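S.K.: If you scroll down you'll find the structure; I have some questions about it.
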Amino acid sequence: MSALAHAVALVKRWEGCELEAYPDPGTGGAPWTIGWGATGPGIAKGVRWTQAQADDRLAQDVSRFLKGVQSVVKKPASDAQMGAMTSLAYNIGAKAFANSTLLRKFNAGDVAGAAAEFTRWNRAGGRVMKGLTTRRLDEQRVFRS
């Protein structure tokens, strides 16, 4: 399975698809989200998408995040590792991923240490979220596979 396929599978499994914009579960408001976890300009309360719009946006977004992860990963990575790191970056943001201890450890050759870092990213709005904890364990599992 390619890195892109790993990332898309993880994102689909954990984001789910909503065709009407909804508020962020961590904040109860911004950022508003739609489709497979898409946020950004034009996404606000009352916005509706078709399934095709959601699927197209997912393909664009995951490809963009994969390229971003590839640009900061300096050590060879398996497709599973790249896919798991891309799923994490998709969820926490490219900047947070680029500044993460997970990335620093991976680039230093500490793959086990990097894997252990996934579970630290389980908070939203300062609170531990059960869904994020479970998602991180799944990303960690894929990363280690």
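Each chain in the structure tokens gets a letter, A, B and so on, in the order shown; residues start at 1 in every chain, and ligands are counted from 1 in the order they appear.
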With a distance cut-off of 8 Å and only C-alpha atoms, select the neighbouring residues of A:Gly16, excluding the residue or stretch itself and same-chain residues fewer than 6 positions from it, and output the selection as an NGL selection string.
M.R.: :A and (35-37)
S.K.: Print the selection's residues with C-alpha atoms to a file, as a PDB file, in the first residue's frame.
M.R.:
```pdb
ATOM      1  CA  GLY A  35     -16.425  16.421   4.345  1.00  0.00           C
ATOM      2  CA  TRP A  36     -13.554  14.231   5.558  1.00  0.00           C
ATOM      3  CA  GLY A  37     -12.315  16.777   8.097  1.00  0.00           C
TER       4      GLY A  37
END
```
S.K.: I'd like the neighbourhood of A:Trp49 as a list in words, where a residue qualifies if any of its atoms comes within 8 Å (using only C-alpha atoms), though same-chain residues fewer than 6 positions away should be ignored.
M.R.: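 Residues near the query, excluding close chain neighbours: Leu19, Glu20, Ile34 and Gly35 of chain A.
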S.K.: Within 8 Å of stretch 115-130 of chain A, counting only C-alpha atoms, which residues qualify if same-chain residues fewer than 4 places away don't, as JSON, numbers by chain?
M.R.: {"A": [25, 26, 27, 88, 92, 101, 102, 111, 134, 136, 137, 139, 140, 143, 144]}
S.K.: Based on the selection just made, write N, CA and C atoms of those residues as a compact mmCIF listing (two decimals), in the first residue's frame.
M.R.:
```txt
# COMPACT_ATOMS: atom_id res chain seq x y z
N PRO A 25 -15.26 19.81 17.47
CA PRO A 25 -15.66 19.20 18.74
C PRO A 25 -14.87 19.70 19.95
N GLY A 26 -13.64 20.11 19.71
CA GLY A 26 -12.81 20.58 20.81
C GLY A 26 -13.18 21.98 21.29
N THR A 27 -13.61 22.83 20.35
CA THR A 27 -13.90 24.23 20.70
C THR A 27 -15.38 24.54 20.71
N LEU A 88 -1.44 12.16 10.89
CA LEU A 88 -1.24 13.00 12.06
C LEU A 88 -1.17 14.47 11.64
N ILE A 92 -3.42 17.58 13.00
CA ILE A 92 -2.87 18.59 13.92
C ILE A 92 -2.36 19.83 13.19
N THR A 101 8.13 16.92 18.35
CA THR A 101 9.17 16.03 18.86
C THR A 101 9.16 14.73 18.08
N LEU A 102 7.99 14.29 17.63
CA LEU A 102 7.89 13.07 16.82
C LEU A 102 8.79 13.20 15.59
N VAL A 111 13.34 5.82 15.74
CA VAL A 111 12.03 5.42 15.22
C VAL A 111 11.11 4.99 16.35
N THR A 134 -7.69 7.15 20.63
CA THR A 134 -7.86 5.94 19.83
C THR A 134 -7.26 6.12 18.44
N ARG A 136 -4.76 8.09 17.60
CA ARG A 136 -3.31 8.08 17.71
C ARG A 136 -2.76 6.67 17.87
N LEU A 137 -3.46 5.83 18.61
CA LEU A 137 -3.03 4.43 18.75
C LEU A 137 -3.09 3.72 17.40
N GLU A 139 -2.83 5.25 14.37
CA GLU A 139 -1.73 5.79 13.57
C GLU A 139 -0.40 5.18 14.02
N GLN A 140 -0.23 5.03 15.30
CA GLN A 140 0.98 4.43 15.84
C GLN A 140 1.13 2.98 15.36
N PHE A 143 2.18 3.11 11.77
CA PHE A 143 3.56 3.57 11.73
C PHE A 143 4.53 2.42 12.04
N ARG A 144 4.18 1.60 13.01
CA ARG A 144 5.06 0.49 13.43
C ARG A 144 4.97 -0.72 12.51
```
S.K.: For A:Ala9, which residue out of A:Ala98, A:Ala44, A:Ala84, A:Leu66 is the nearest one, using only C-alpha atoms?
M.R.: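 Using only C-alpha atoms, A:Ala9 sits closest to A:Ala84.
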S.K.: In Å to one decimal, how far is atom CA of A:Ala77 from atom CA of A:Gly131?
M.R.: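 Atom-to-atom, atom CA of A:Gly131 to atom CA of A:Ala77, that is 26.4 Å.
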S.K.: List every residue of stretch 21-115 of chain A that DSSP, applied to the backbone of this structure, assigns to helix (DSSP H, G or I), and report them as a VMD selection string.
M.R.: chain A and resid 51 to 72 79 to 92 94 to 98 101 to 107 111 to 115
S.K.: Can you spit out the residues from that selection as a CSV table (one decimal), in the first residue's frame, using C-alpha atoms?
M.R.:
```csv
chain,number,residue,atom,x,y,z
A,51,GLN,CA,-20.1,13.4,-1.7
A,52,ALA,CA,-18.1,14.1,-4.8
A,53,GLN,CA,-17.0,17.5,-3.4
A,54,ALA,CA,-16.0,15.8,-0.1
A,55,ASP,CA,-14.0,13.1,-1.9
A,56,ASP,CA,-12.3,15.5,-4.2
A,57,ARG,CA,-11.2,17.8,-1.3
A,58,LEU,CA,-9.9,14.8,0.6
A,59,ALA,CA,-7.7,13.7,-2.3
A,60,GLN,CA,-6.4,17.2,-2.7
A,61,ASP,CA,-5.8,17.8,1.0
A,62,VAL,CA,-4.1,14.5,1.8
A,63,SER,CA,-1.8,14.8,-1.3
A,64,ARG,CA,-0.9,18.3,-0.1
A,65,PHE,CA,-0.2,17.1,3.5
A,66,LEU,CA,1.8,14.2,2.2
A,67,LYS,CA,4.0,16.5,0.2
A,68,GLY,CA,4.5,18.7,3.3
A,69,VAL,CA,5.5,15.7,5.4
A,70,GLN,CA,7.9,14.5,2.7
A,71,SER,CA,9.5,17.9,2.7
A,72,VAL,CA,10.4,17.8,6.4
A,79,ASP,CA,5.0,3.9,3.1
A,80,ALA,CA,3.2,3.0,6.4
A,81,GLN,CA,5.4,5.5,8.4
A,82,MET,CA,4.8,8.2,5.8
A,83,GLY,CA,1.0,7.5,5.8
A,84,ALA,CA,0.7,7.6,9.6
A,85,MET,CA,2.7,10.8,9.8
A,86,THR,CA,0.6,12.3,7.1
A,87,SER,CA,-2.6,11.4,8.9
A,88,LEU,CA,-1.2,13.0,12.1
A,89,ALA,CA,-0.2,16.2,10.2
A,90,TYR,CA,-3.7,16.3,8.5
A,91,ASN,CA,-5.3,16.3,12.0
A,92,ILE,CA,-2.9,18.6,13.9
A,94,ALA,CA,1.5,21.0,9.0
A,95,LYS,CA,3.2,23.6,11.2
A,96,ALA,CA,2.6,21.6,14.4
A,97,PHE,CA,3.9,18.4,12.8
A,98,ALA,CA,7.0,20.2,11.4
A,101,THR,CA,9.2,16.0,18.9
A,102,LEU,CA,7.9,13.1,16.8
A,103,LEU,CA,9.5,14.5,13.7
A,104,ARG,CA,12.7,15.5,15.5
A,105,LYS,CA,13.0,11.9,16.9
A,106,PHE,CA,12.3,10.3,13.6
A,107,ASN,CA,14.9,12.5,11.8
A,111,VAL,CA,12.0,5.4,15.2
A,112,ALA,CA,10.8,3.8,18.5
A,113,GLY,CA,10.8,7.2,20.2
A,114,ALA,CA,9.0,8.8,17.3
A,115,ALA,CA,6.3,6.0,17.5
```
